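For reference, the structure is listed below as C-alpha cells.
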Amino acid sequence: KAMQRRQVRLRREYLHRRSLEGREREVYEKKRAVREALAAGKEIPSELKQEASELGRLAALDDAGPSRAYDDEYARTLRGERMAKVCVSTSRSPSSRLKQFAKELKHLVPNCTNVNRGTTKLEELVEATRAADFSDLVIVHETRGQPDGLVVCHLPLGPTAYFTVSNCVLRHDVADRAPNYSVDAAPHLIFHNFDEHKPLGRRVMTILKCLFPAAKADAKRLVTFFNADDTVSVRHHHHSTADGPDVHLTELGPRFELTPYHIKLGTLDNAKAADTEWVLRPYLNAANTVLA
C-alpha cells in the first residue's frame, strides 16, 4: 500500500506539472500575438487589449519559447540519469511465432528481459515490473499466429503507446547470414524523416529512443527507424568496414513496420482511466501526416 500511495503522489505531481505547462503555453501564445501585432504596426487583438501592457513587458523580458515539460517522463533517461531497462512479454496463450518475436526483440534491445506471461494479470505484470525498476514494459500481440500489435508502457507513470505491427520477418527468415555480435552492446540509432517540430513526431521518437541505452562510439550495430507516411520501418543491421572506404551492412533482423495509433498518459494497469494524449483518426487525418 505504501508503494501505491507513492505512485498516486508521483502521478498527482506529474499532472500538476502538465497543467502548468498548459498555462505557460497559453501565456506564450498571447505574448507572441502581441509581439507580432506591435512589430507589424497593427492593432492589438481586442481580447488582449486589457493584458497588452503586461504581456508586452513579459515578452521583452522573456523572448524564448515555453519550457517543454512535454517529455518530462523521459527527462531522467534523456539526461543519462536512468538506464533503460526493458521487460518484454506477450499476450496470453501466445503462439510459437509470437514467442519467437518476443525473444528477437530481446536481441534487438539491450538490457532487455523476456518474461513468460503465463496466466499473470496485466495489473500484476505492471506492478511487478514497476517494483523491479524496469523503465519500460513492452507487450506484443498477435492475430492467428501473426504478430500485429506492440504496446510500449513507460514506467512508473506512463505514457503508454500503442502500435500496429505489420510485415514482420523474423531473424531466421532474413536472407543475410548474420555475424556474431553482442546483444548487450547498445546500437547506434538512426531516425529518418521524423519532424521534431511536430509534437507527435518528437513524442514517438522519444518513446522509441528511450528503449535503448546510449551507444559507444565503436558500436557495430545499427537500428534504423525510417518513417514514411506515418509508418515506421524498423531495420537492424551490423556494419563493418574493409580496407577501403566502403561500409558493408549485414541485416540481422527482425524487420517489421510500426504504425502508432494511440498514446495514453497513464500506464497499462489504469489505461481506462488515463487521459488520451493522441489517437489516430484516419478519416480526419488522411491528407496530413503527423510524424513528419
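Going through the C-alpha cells in order, the chains are called A, B, and so on, while each chain numbers its residues from 1 and the ligands are numbered from 1 in the order shown.
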### Task
as number ranges by chain, please: all residues of stretch 76-262 of chain A that backbone DSSP puts in strand (DSSP E).
A: 86-90, 112-114, 136-143, 146-154, 160-169, 188-192, 221-228, 231-241, 247-251, 255-262
Can I get the selection written as a PDB file, in the first residue's frame, with C-alpha atoms?
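As a result, part09.pdb now contains:
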ATOM      1  CA  VAL A  86      13.090  -3.108 -20.726  1.00  0.00           C
ATOM      2  CA  CYS A  87      10.812  -6.041 -19.968  1.00  0.00           C
ATOM      3  CA  VAL A  88       9.251  -7.834 -22.966  1.00  0.00           C
ATOM      4  CA  SER A  89       6.230 -10.079 -22.628  1.00  0.00           C
ATOM      5  CA  THR A  90       3.337 -11.365 -24.733  1.00  0.00           C
ATOM      6  CA  CYS A 112      16.153  -6.396 -22.024  1.00  0.00           C
ATOM      7  CA  THR A 113      14.445  -9.247 -20.171  1.00  0.00           C
ATOM      8  CA  ASN A 114      11.941 -11.610 -21.819  1.00  0.00           C
ATOM      9  CA  ASP A 136       9.597   0.208 -19.914  1.00  0.00           C
ATOM     10  CA  LEU A 137       7.240  -2.712 -20.395  1.00  0.00           C
ATOM     11  CA  VAL A 138       6.753  -3.947 -23.966  1.00  0.00           C
ATOM     12  CA  ILE A 139       3.883  -6.328 -24.752  1.00  0.00           C
ATOM     13  CA  VAL A 140       3.393  -7.902 -28.178  1.00  0.00           C
ATOM     14  CA  HIS A 141       0.078  -9.199 -29.519  1.00  0.00           C
ATOM     15  CA  GLU A 142      -0.945 -11.431 -32.401  1.00  0.00           C
ATOM     16  CA  THR A 143      -3.824 -12.470 -34.623  1.00  0.00           C
ATOM     17  CA  GLN A 146       0.974 -13.357 -36.802  1.00  0.00           C
ATOM     18  CA  PRO A 147       2.408 -10.528 -34.630  1.00  0.00           C
ATOM     19  CA  ASP A 148       0.191  -7.496 -35.225  1.00  0.00           C
ATOM     20  CA  GLY A 149       0.438  -5.280 -32.140  1.00  0.00           C
ATOM     21  CA  LEU A 150       3.055  -3.779 -29.844  1.00  0.00           C
ATOM     22  CA  VAL A 151       2.480  -1.731 -26.692  1.00  0.00           C
ATOM     23  CA  VAL A 152       5.218   0.322 -25.012  1.00  0.00           C
ATOM     24  CA  CYS A 153       4.373   1.297 -21.433  1.00  0.00           C
ATOM     25  CA  HIS A 154       6.844   3.663 -19.779  1.00  0.00           C
ATOM     26  CA  THR A 160       1.622   4.132 -22.994  1.00  0.00           C
ATOM     27  CA  ALA A 161       1.997   3.986 -26.778  1.00  0.00           C
ATOM     28  CA  TYR A 162       0.104   1.533 -28.977  1.00  0.00           C
ATOM     29  CA  PHE A 163       1.473   0.431 -32.353  1.00  0.00           C
ATOM     30  CA  THR A 164       0.230  -1.800 -35.144  1.00  0.00           C
ATOM     31  CA  VAL A 165       2.865  -4.304 -36.316  1.00  0.00           C
ATOM     32  CA  SER A 166       2.933  -5.377 -39.954  1.00  0.00           C
ATOM     33  CA  ASN A 167       5.237  -7.192 -42.399  1.00  0.00           C
ATOM     34  CA  CYS A 168       7.087  -8.963 -39.592  1.00  0.00           C
ATOM     35  CA  VAL A 169      10.091 -11.016 -40.746  1.00  0.00           C
ATOM     36  CA  HIS A 188      23.522   3.343 -32.815  1.00  0.00           C
ATOM     37  CA  LEU A 189      20.043   4.700 -33.581  1.00  0.00           C
ATOM     38  CA  ILE A 190      19.017   6.334 -36.845  1.00  0.00           C
ATOM     39  CA  PHE A 191      15.729   8.250 -37.018  1.00  0.00           C
ATOM     40  CA  HIS A 192      14.853   9.311 -40.544  1.00  0.00           C
ATOM     41  CA  ARG A 221      25.091  -2.443 -34.650  1.00  0.00           C
ATOM     42  CA  LEU A 222      22.591  -0.024 -36.211  1.00  0.00           C
ATOM     43  CA  VAL A 223      18.859   0.183 -35.580  1.00  0.00           C
ATOM     44  CA  THR A 224      17.031   2.338 -38.100  1.00  0.00           C
ATOM     45  CA  PHE A 225      13.583   3.859 -37.689  1.00  0.00           C
ATOM     46  CA  PHE A 226      12.522   5.059 -41.147  1.00  0.00           C
ATOM     47  CA  ASN A 227       9.264   6.978 -41.249  1.00  0.00           C
ATOM     48  CA  ALA A 228       7.211   7.027 -44.453  1.00  0.00           C
ATOM     49  CA  THR A 231       4.550   4.041 -40.848  1.00  0.00           C
ATOM     50  CA  VAL A 232       7.898   3.423 -39.159  1.00  0.00           C
ATOM     51  CA  SER A 233      10.069   0.720 -40.734  1.00  0.00           C
ATOM     52  CA  VAL A 234      12.393  -0.897 -38.187  1.00  0.00           C
ATOM     53  CA  ARG A 235      15.623  -2.397 -39.508  1.00  0.00           C
ATOM     54  CA  HIS A 236      18.518  -3.978 -37.620  1.00  0.00           C
ATOM     55  CA  HIS A 237      21.989  -4.091 -39.218  1.00  0.00           C
ATOM     56  CA  HIS A 238      25.598  -4.868 -38.425  1.00  0.00           C
ATOM     57  CA  HIS A 239      28.138  -2.636 -40.136  1.00  0.00           C
ATOM     58  CA  SER A 240      31.751  -3.399 -40.922  1.00  0.00           C
ATOM     59  CA  THR A 241      34.486  -1.678 -42.890  1.00  0.00           C
ATOM     60  CA  VAL A 247      30.882   0.249 -45.389  1.00  0.00           C
ATOM     61  CA  HIS A 248      29.280  -3.182 -45.560  1.00  0.00           C
ATOM     62  CA  LEU A 249      25.840  -3.647 -43.973  1.00  0.00           C
ATOM     63  CA  THR A 250      24.535  -7.047 -42.938  1.00  0.00           C
ATOM     64  CA  GLU A 251      20.903  -7.287 -41.895  1.00  0.00           C
ATOM     65  CA  ARG A 255      12.387  -6.425 -39.557  1.00  0.00           C
ATOM     66  CA  PHE A 256       8.885  -5.023 -39.182  1.00  0.00           C
ATOM     67  CA  GLU A 257       6.747  -1.892 -39.554  1.00  0.00           C
ATOM     68  CA  LEU A 258       5.200   0.090 -36.702  1.00  0.00           C
ATOM     69  CA  THR A 259       2.181   2.366 -37.092  1.00  0.00           C
ATOM     70  CA  PRO A 260       1.258   4.389 -33.983  1.00  0.00           C
ATOM     71  CA  TYR A 261      -2.465   4.707 -33.357  1.00  0.00           C
ATOM     72  CA  HIS A 262      -2.926   5.655 -29.688  1.00  0.00           C
TER      73      HIS A 262
END
### Task
Please provide the set of residues having any atom within 10 Å of A:Ser93, restricted to only C-alpha atoms, with same-chain residues fewer than 2 positions apart removed, written as a list in words.
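With the cut-off at 10 Å, the set is Thr90, Ser91, Ser95, Ser96, Leu98, Lys99, Arg117, Gly118 and Thr119 of chain A.
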### alpha helix (DSSP H) call set, DSSP backbone run, stretch 127-213 of chain A, as a ChimeraX atom specification
/A:127-131,199-209
Residue selection dump (N, CA, C and O atoms) as a PDB file, in the first residue's frame:
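Dumped everything to selection_23.pdb:
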ATOM      1  N   GLU A 127       2.720  -4.044 -12.073  1.00  0.00           N
ATOM      2  CA  GLU A 127       3.195  -3.788 -10.710  1.00  0.00           C
ATOM      3  C   GLU A 127       4.537  -4.481 -10.460  1.00  0.00           C
ATOM      4  O   GLU A 127       5.431  -3.916  -9.809  1.00  0.00           O
ATOM      5  N   ALA A 128       4.702  -5.699 -10.984  1.00  0.00           N
ATOM      6  CA  ALA A 128       5.962  -6.429 -10.793  1.00  0.00           C
ATOM      7  C   ALA A 128       7.114  -5.736 -11.516  1.00  0.00           C
ATOM      8  O   ALA A 128       8.211  -5.598 -10.965  1.00  0.00           O
ATOM      9  N   THR A 129       6.891  -5.283 -12.744  1.00  0.00           N
ATOM     10  CA  THR A 129       7.952  -4.603 -13.483  1.00  0.00           C
ATOM     11  C   THR A 129       8.269  -3.248 -12.878  1.00  0.00           C
ATOM     12  O   THR A 129       9.418  -2.816 -12.860  1.00  0.00           O
ATOM     13  N   ARG A 130       7.249  -2.582 -12.356  1.00  0.00           N
ATOM     14  CA  ARG A 130       7.488  -1.298 -11.691  1.00  0.00           C
ATOM     15  C   ARG A 130       8.318  -1.496 -10.420  1.00  0.00           C
ATOM     16  O   ARG A 130       9.247  -0.730 -10.141  1.00  0.00           O
ATOM     17  N   ALA A 131       7.995  -2.548  -9.649  1.00  0.00           N
ATOM     18  CA  ALA A 131       8.743  -2.818  -8.421  1.00  0.00           C
ATOM     19  C   ALA A 131      10.180  -3.231  -8.721  1.00  0.00           C
ATOM     20  O   ALA A 131      11.086  -2.972  -7.915  1.00  0.00           O
ATOM     21  N   PRO A 199       4.697  17.881 -32.466  1.00  0.00           N
ATOM     22  CA  PRO A 199       4.681  17.218 -31.140  1.00  0.00           C
ATOM     23  C   PRO A 199       4.646  15.703 -31.223  1.00  0.00           C
ATOM     24  O   PRO A 199       5.342  15.022 -30.471  1.00  0.00           O
ATOM     25  N   LEU A 200       3.866  15.156 -32.136  1.00  0.00           N
ATOM     26  CA  LEU A 200       3.766  13.701 -32.192  1.00  0.00           C
ATOM     27  C   LEU A 200       5.031  13.075 -32.753  1.00  0.00           C
ATOM     28  O   LEU A 200       5.466  12.018 -32.290  1.00  0.00           O
ATOM     29  N   GLY A 201       5.643  13.711 -33.755  1.00  0.00           N
ATOM     30  CA  GLY A 201       6.902  13.193 -34.268  1.00  0.00           C
ATOM     31  C   GLY A 201       7.968  13.157 -33.194  1.00  0.00           C
ATOM     32  O   GLY A 201       8.705  12.178 -33.057  1.00  0.00           O
ATOM     33  N   ARG A 202       8.052  14.227 -32.396  1.00  0.00           N
ATOM     34  CA  ARG A 202       9.021  14.279 -31.305  1.00  0.00           C
ATOM     35  C   ARG A 202       8.675  13.262 -30.231  1.00  0.00           C
ATOM     36  O   ARG A 202       9.556  12.604 -29.668  1.00  0.00           O
ATOM     37  N   ARG A 203       7.381  13.095 -29.960  1.00  0.00           N
ATOM     38  CA  ARG A 203       6.947  12.180 -28.912  1.00  0.00           C
ATOM     39  C   ARG A 203       7.268  10.731 -29.263  1.00  0.00           C
ATOM     40  O   ARG A 203       7.839   9.996 -28.451  1.00  0.00           O
ATOM     41  N   VAL A 204       6.907  10.297 -30.460  1.00  0.00           N
ATOM     42  CA  VAL A 204       7.156   8.913 -30.871  1.00  0.00           C
ATOM     43  C   VAL A 204       8.652   8.639 -30.915  1.00  0.00           C
ATOM     44  O   VAL A 204       9.118   7.569 -30.511  1.00  0.00           O
ATOM     45  N   MET A 205       9.433   9.596 -31.394  1.00  0.00           N
ATOM     46  CA  MET A 205      10.871   9.419 -31.448  1.00  0.00           C
ATOM     47  C   MET A 205      11.449   9.253 -30.045  1.00  0.00           C
ATOM     48  O   MET A 205      12.316   8.406 -29.812  1.00  0.00           O
ATOM     49  N   THR A 206      10.955  10.029 -29.086  1.00  0.00           N
ATOM     50  CA  THR A 206      11.436   9.912 -27.706  1.00  0.00           C
ATOM     51  C   THR A 206      11.060   8.568 -27.104  1.00  0.00           C
ATOM     52  O   THR A 206      11.862   7.929 -26.416  1.00  0.00           O
ATOM     53  N   ILE A 207       9.839   8.108 -27.355  1.00  0.00           N
ATOM     54  CA  ILE A 207       9.380   6.822 -26.815  1.00  0.00           C
ATOM     55  C   ILE A 207      10.269   5.688 -27.317  1.00  0.00           C
ATOM     56  O   ILE A 207      10.675   4.800 -26.547  1.00  0.00           O
ATOM     57  N   LEU A 208      10.589   5.695 -28.598  1.00  0.00           N
ATOM     58  CA  LEU A 208      11.422   4.630 -29.171  1.00  0.00           C
ATOM     59  C   LEU A 208      12.884   4.775 -28.755  1.00  0.00           C
ATOM     60  O   LEU A 208      13.565   3.792 -28.464  1.00  0.00           O
ATOM     61  N   LYS A 209      13.371   6.011 -28.706  1.00  0.00           N
ATOM     62  CA  LYS A 209      14.774   6.248 -28.359  1.00  0.00           C
ATOM     63  C   LYS A 209      15.083   5.788 -26.939  1.00  0.00           C
ATOM     64  O   LYS A 209      16.160   5.231 -26.678  1.00  0.00           O
TER      65      LYS A 209
END
### Message
I'd like the contact shell of A:Ser46 - 12 Å cut-off, only C-alpha atoms, skipping same-chain residues fewer than 6 positions apart - returned as a PyMOL selection string.
### Response
chain A and resi 30+33-34+37+52
### Query
atom CA of A:Cys210 to atom CA of A:Ser135: how many Å, to one decimal?
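Spanning atom CA of A:Cys210 to atom CA of A:Ser135 is a straight-line distance of 8.7 Å.
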### Task
To one decimal in Å, tell me the separation between atom CA of A:Lys106 and atom CA of A:Asn180.
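Spanning atom CA of A:Lys106 to atom CA of A:Asn180 is a straight-line distance of 15.4 Å.
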